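Notes for the one structure printed next.
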Amino acid sequence: MLAFFAYFALPLFWLIVASTKDTSDLFSGFGLWFAHENHFVDNVRRLFEIKTLDGGTYLVWLRNSFLYSVSSAVIAALTAAAAGYGFAKFDFRWREPMFWLILGCVMVPTQALAVPTWLLFAEVDLTNSPLSIILPCSVSPFGVFLMRIYAASAIDSSVIEAARLDGASEWRIFRSIAFRLLAPGMVTVMLFAFVQTWNNYLLPLLMLSESKWYPLTIGLTQIGYESIVGSLIAIVPMIAAFVLLQKFWQTGLAAGSN
C-alpha cells in the first residue's frame, strides 16, 4: 500500500514543489523539495497574464473546460439514467442484444474513435466549436451499464406497478419516482463523465483549431514554464468534485455493484 501511495502521490507532490520555483530553481538543487524562495504567487500572476494571438488565455481555457465537462457530464448522466431504467424495468424485443452491443462499446478505446468522429463532424461543419467536444463526450456506454445495474437494485418493481395502477404515465413515473431513486447512480456517472471530458486531449486536439476554444489540456501545451502551476490549478476542480460529492458516488458504486 505504501508503494502504491508513493506511486500516485509522488507526481502530485512534485507538481506542488515545482509550482513554487522559478526556472533557475527548477533545474538546480534537489527536485523533490522546495527552494529557498517561494515563487508561487509570481508564477500564478504570469500564468494569468499570458495571452495568445487569437484570444486564448488561461481563464478562457478554464472556462471552456468547465463548459465542456459540465455540459457533457449532465447530458451523459441523464441519458444513461433513462437508458439504464429502460433496460432494467421494461421487457422489449432485442433488449439483451442491444445491451450487449452497448456493453461492447465500453471495450472500444476512445482514442480509436477520435478520427472517425472528426470526419463525421467535418461533414456537417461542426468542428472548431463547443458542440464538437460536448456531443461526443455526452455518450457514456459505461454509464448505461452502471445505471441498468443500479436501477435494477434501487427501484422496486412493485412501486412502479402501484404508480401505473394509480394512472401515472410512464414519463410521470420516471420523472417523479425513478429519477429521485437514481440520483446517487447519476452522480457517479456524472463524475466519471466530468473527469473523462476534463482530461480529454486527443479529441480537442483534432476538433479545435483556434486557441479561444481550447480546453486546459490543449491550452497548457501552448505556454511554457507557467504550464506547471497551470496544471496544479487544473486538478483542483476534480479534487473538489470528488470530495464534495463523495457520499453520492460512493453510494452509487456500492449499490451498483450488488
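Chain lettering (A, B, ...) mirrors the order of the C-alpha cells, residue numbering begins at 1 for each chain separately, and ligand numbering begins at 1 in order of display.
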Query - Every residue of segment 4-253 of chain A that DSSP places in helix (DSSP H, G or I), as a PyMOL selection string - result: chain A and resi 4-19+23-26+40-49+58-89+95-106+110-123+131-137+141-154+157-165+170-181+183-198+202-207+211-213+216-222+227-244+246-253
Please report as CSV every residue of segment 29-65 of chain A lying within 12 Å of segment 234-239 of chain A, along with the nearest atom pair and their distance in Å (one decimal), using only C-alpha atoms.
residue,atom,partner,partner_atom,distance
A:Tyr58,CA,A:Ala234,CA,10.0
A:Leu59,CA,A:Ala234,CA,10.8
A:Trp61,CA,A:Ala234,CA,10.1
A:Leu62,CA,A:Ala234,CA,7.7
A:Arg63,CA,A:Ala234,CA,11.1
A:Ser65,CA,A:Ala234,CA,9.3
Report task. Pick out the closest residue to Ala193 of chain A from this set: A:Phe142, A:Phe8, A:Phe34, A:Phe121. Count only C-alpha atoms. Result ->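 Of A:Phe142, A:Phe8, A:Phe34, A:Phe121, the one nearest Ala193 of chain A is A:Phe142, counting only C-alpha atoms.
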Requested in this report: For Gly143 of chain A, list every protein, DNA or RNA residue within 9 Å, evaluated using only C-alpha atoms, and leave out those in the same chain fewer than 6 positions away; present the list as a list in words.
Outcome: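 The filter keeps Ala76, Ala77, Thr79, Ala80, Ala81, Gly84, Gly185, Met186, Thr188, Val189, Met190, Phe192 and Ala193 of chain A.
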List every residue of segment 128-163 of chain A that has an atom at most 10 Å from any atom of segment 212-221 of chain A, giving for each one its closest atom pair and the distance in Å to one decimal, counting only C-alpha atoms, sorted by chain and then by ascending residue number, as a Markdown table.
| residue | atom | partner | partner_atom | distance |
| --- | --- | --- | --- | --- |
| A:Asn128 | CA | A:Trp213 | CA | 7.2 |
| A:Ser129 | CA | A:Trp213 | CA | 6.9 |
| A:Pro130 | CA | A:Trp213 | CA | 7.1 |
| A:Ile133 | CA | A:Pro215 | CA | 9.7 |
Query raised in the report: So which residues touch Trp171 of chain A within 12 Å, counting only C-alpha atoms, skipping near sequence neighbours fewer than 6 positions away, as JSON, numbers by chain?
Result: {"A": [82, 85, 86, 160, 163, 164, 177, 178, 179]}
Store the residues picked out above, limited to C-alpha atoms, as a PDB file, in the first residue's frame.
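Below is the file out_12.pdb, written as the result:
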ATOM      1  CA  ALA A  82     -33.081   6.970 -18.914  1.00  0.00           C
ATOM      2  CA  TYR A  85     -34.002   2.491 -16.355  1.00  0.00           C
ATOM      3  CA  GLY A  86     -35.478   1.317 -19.652  1.00  0.00           C
ATOM      4  CA  ILE A 160     -43.773   1.127 -10.500  1.00  0.00           C
ATOM      5  CA  ALA A 163     -47.985   4.010  -9.841  1.00  0.00           C
ATOM      6  CA  ARG A 164     -49.339   2.509 -13.051  1.00  0.00           C
ATOM      7  CA  ILE A 177     -40.200   8.229  -8.742  1.00  0.00           C
ATOM      8  CA  ALA A 178     -37.316   6.685 -10.680  1.00  0.00           C
ATOM      9  CA  PHE A 179     -35.382   9.891 -11.212  1.00  0.00           C
TER      10      PHE A 179
END
Contact check, segment 120-229 of chain A to segment 96-107 of chain A, at most 8 Å, counting only C-alpha atoms, closest pairs as JSON lines:
{"residue": "A:Pro141", "atom": "CA", "partner": "A:Ile102", "partner_atom": "CA", "distance": 5.7}
{"residue": "A:Phe142", "atom": "CA", "partner": "A:Val106", "partner_atom": "CA", "distance": 5.9}
{"residue": "A:Val144", "atom": "CA", "partner": "A:Ile102", "partner_atom": "CA", "distance": 7.9}
{"residue": "A:Phe145", "atom": "CA", "partner": "A:Leu103", "partner_atom": "CA", "distance": 6.6}
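When only C-alpha atoms are used to compute distances to Ser71 of chain A, the closest of the residues A:Val139, A:Leu146, A:Met207, A:Ala240 turns out to be A:Val139.
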Query raised in the report: Counting only C-alpha atoms, what is within 10 Å of segment 12-27 of chain A, bar same-chain residues fewer than 4 positions away, as number ranges by chain?
Result: A: 6-8, 31-44, 225-233, 235
Those same residues - N, CA and C atoms - I'd like them written as a PDB file, in the first residue's frame.
ATOM      1  N   ALA A   6       2.991   5.951  -2.794  1.00  0.00           N
ATOM      2  CA  ALA A   6       4.127   6.732  -3.301  1.00  0.00           C
ATOM      3  C   ALA A   6       4.037   6.901  -4.814  1.00  0.00           C
ATOM      4  N   TYR A   7       3.596   5.847  -5.500  1.00  0.00           N
ATOM      5  CA  TYR A   7       3.495   5.892  -6.964  1.00  0.00           C
ATOM      6  C   TYR A   7       2.518   6.979  -7.407  1.00  0.00           C
ATOM      7  N   PHE A   8       1.374   7.084  -6.726  1.00  0.00           N
ATOM      8  CA  PHE A   8       0.360   8.049  -7.128  1.00  0.00           C
ATOM      9  C   PHE A   8       0.590   9.429  -6.519  1.00  0.00           C
ATOM     10  N   GLY A  31      15.219  18.197  -6.754  1.00  0.00           N
ATOM     11  CA  GLY A  31      13.949  18.471  -7.417  1.00  0.00           C
ATOM     12  C   GLY A  31      12.722  18.154  -6.606  1.00  0.00           C
ATOM     13  N   LEU A  32      12.859  17.347  -5.548  1.00  0.00           N
ATOM     14  CA  LEU A  32      11.684  16.941  -4.775  1.00  0.00           C
ATOM     15  C   LEU A  32      11.570  17.709  -3.465  1.00  0.00           C
ATOM     16  N   TRP A  33      12.148  18.885  -3.418  1.00  0.00           N
ATOM     17  CA  TRP A  33      11.947  19.713  -2.231  1.00  0.00           C
ATOM     18  C   TRP A  33      11.914  21.185  -2.616  1.00  0.00           C
ATOM     19  N   PHE A  34      11.381  22.003  -1.727  1.00  0.00           N
ATOM     20  CA  PHE A  34      11.173  23.414  -2.013  1.00  0.00           C
ATOM     21  C   PHE A  34      12.498  24.172  -2.043  1.00  0.00           C
ATOM     22  N   ALA A  35      12.511  25.244  -2.838  1.00  0.00           N
ATOM     23  CA  ALA A  35      13.673  26.118  -2.903  1.00  0.00           C
ATOM     24  C   ALA A  35      13.631  27.117  -1.737  1.00  0.00           C
ATOM     25  N   HIS A  36      14.695  27.918  -1.640  1.00  0.00           N
ATOM     26  CA  HIS A  36      14.767  28.888  -0.539  1.00  0.00           C
ATOM     27  C   HIS A  36      13.696  29.982  -0.676  1.00  0.00           C
ATOM     28  N   GLU A  37      13.379  30.362  -1.907  1.00  0.00           N
ATOM     29  CA  GLU A  37      12.372  31.395  -2.152  1.00  0.00           C
ATOM     30  C   GLU A  37      11.140  30.768  -2.791  1.00  0.00           C
ATOM     31  N   ASN A  38       9.984  31.251  -2.362  1.00  0.00           N
ATOM     32  CA  ASN A  38       8.718  30.750  -2.886  1.00  0.00           C
ATOM     33  C   ASN A  38       8.228  31.695  -3.984  1.00  0.00           C
ATOM     34  N   HIS A  39       8.106  31.175  -5.207  1.00  0.00           N
ATOM     35  CA  HIS A  39       7.694  31.992  -6.358  1.00  0.00           C
ATOM     36  C   HIS A  39       6.293  31.628  -6.843  1.00  0.00           C
ATOM     37  N   PHE A  40       5.501  31.001  -5.991  1.00  0.00           N
ATOM     38  CA  PHE A  40       4.183  30.540  -6.423  1.00  0.00           C
ATOM     39  C   PHE A  40       3.299  31.693  -6.878  1.00  0.00           C
ATOM     40  N   VAL A  41       3.244  32.755  -6.112  1.00  0.00           N
ATOM     41  CA  VAL A  41       2.391  33.896  -6.464  1.00  0.00           C
ATOM     42  C   VAL A  41       2.844  34.519  -7.776  1.00  0.00           C
ATOM     43  N   ASP A  42       4.160  34.653  -7.964  1.00  0.00           N
ATOM     44  CA  ASP A  42       4.670  35.215  -9.217  1.00  0.00           C
ATOM     45  C   ASP A  42       4.334  34.317 -10.399  1.00  0.00           C
ATOM     46  N   ASN A  43       4.424  33.004 -10.202  1.00  0.00           N
ATOM     47  CA  ASN A  43       4.095  32.073 -11.281  1.00  0.00           C
ATOM     48  C   ASN A  43       2.625  32.154 -11.658  1.00  0.00           C
ATOM     49  N   VAL A  44       1.764  32.275 -10.654  1.00  0.00           N
ATOM     50  CA  VAL A  44       0.327  32.402 -10.926  1.00  0.00           C
ATOM     51  C   VAL A  44       0.040  33.703 -11.663  1.00  0.00           C
ATOM     52  N   TYR A 225       6.911  27.530 -19.092  1.00  0.00           N
ATOM     53  CA  TYR A 225       7.113  27.077 -17.718  1.00  0.00           C
ATOM     54  C   TYR A 225       5.859  27.259 -16.871  1.00  0.00           C
ATOM     55  N   GLU A 226       5.035  28.244 -17.193  1.00  0.00           N
ATOM     56  CA  GLU A 226       3.838  28.520 -16.398  1.00  0.00           C
ATOM     57  C   GLU A 226       2.813  27.390 -16.476  1.00  0.00           C
ATOM     58  N   SER A 227       3.005  26.476 -17.411  1.00  0.00           N
ATOM     59  CA  SER A 227       2.068  25.357 -17.512  1.00  0.00           C
ATOM     60  C   SER A 227       2.121  24.460 -16.279  1.00  0.00           C
ATOM     61  N   ILE A 228       3.231  24.512 -15.524  1.00  0.00           N
ATOM     62  CA  ILE A 228       3.328  23.676 -14.320  1.00  0.00           C
ATOM     63  C   ILE A 228       2.327  24.133 -13.272  1.00  0.00           C
ATOM     64  N   VAL A 229       2.328  25.425 -12.965  1.00  0.00           N
ATOM     65  CA  VAL A 229       1.357  25.925 -11.986  1.00  0.00           C
ATOM     66  C   VAL A 229      -0.053  25.867 -12.567  1.00  0.00           C
ATOM     67  N   GLY A 230      -0.177  25.998 -13.895  1.00  0.00           N
ATOM     68  CA  GLY A 230      -1.489  25.845 -14.531  1.00  0.00           C
ATOM     69  C   GLY A 230      -2.034  24.447 -14.381  1.00  0.00           C
ATOM     70  N   SER A 231      -1.159  23.438 -14.457  1.00  0.00           N
ATOM     71  CA  SER A 231      -1.587  22.054 -14.260  1.00  0.00           C
ATOM     72  C   SER A 231      -2.022  21.806 -12.825  1.00  0.00           C
ATOM     73  N   LEU A 232      -1.336  22.451 -11.884  1.00  0.00           N
ATOM     74  CA  LEU A 232      -1.717  22.305 -10.471  1.00  0.00           C
ATOM     75  C   LEU A 232      -3.108  22.878 -10.224  1.00  0.00           C
ATOM     76  N   ILE A 233      -3.370  24.053 -10.768  1.00  0.00           N
ATOM     77  CA  ILE A 233      -4.691  24.662 -10.597  1.00  0.00           C
ATOM     78  C   ILE A 233      -5.763  23.838 -11.305  1.00  0.00           C
ATOM     79  N   ILE A 235      -6.150  20.658 -11.545  1.00  0.00           N
ATOM     80  CA  ILE A 235      -6.626  19.452 -10.855  1.00  0.00           C
ATOM     81  C   ILE A 235      -7.496  19.780  -9.646  1.00  0.00           C
TER      82      ILE A 235
END
**Report entry** Using only C-alpha atoms: which of A:Gln111, A:Thr127, A:Ser138, A:Ser28 has the shortest distance to Thr197 of chain A
**Finding:** A:Ser138
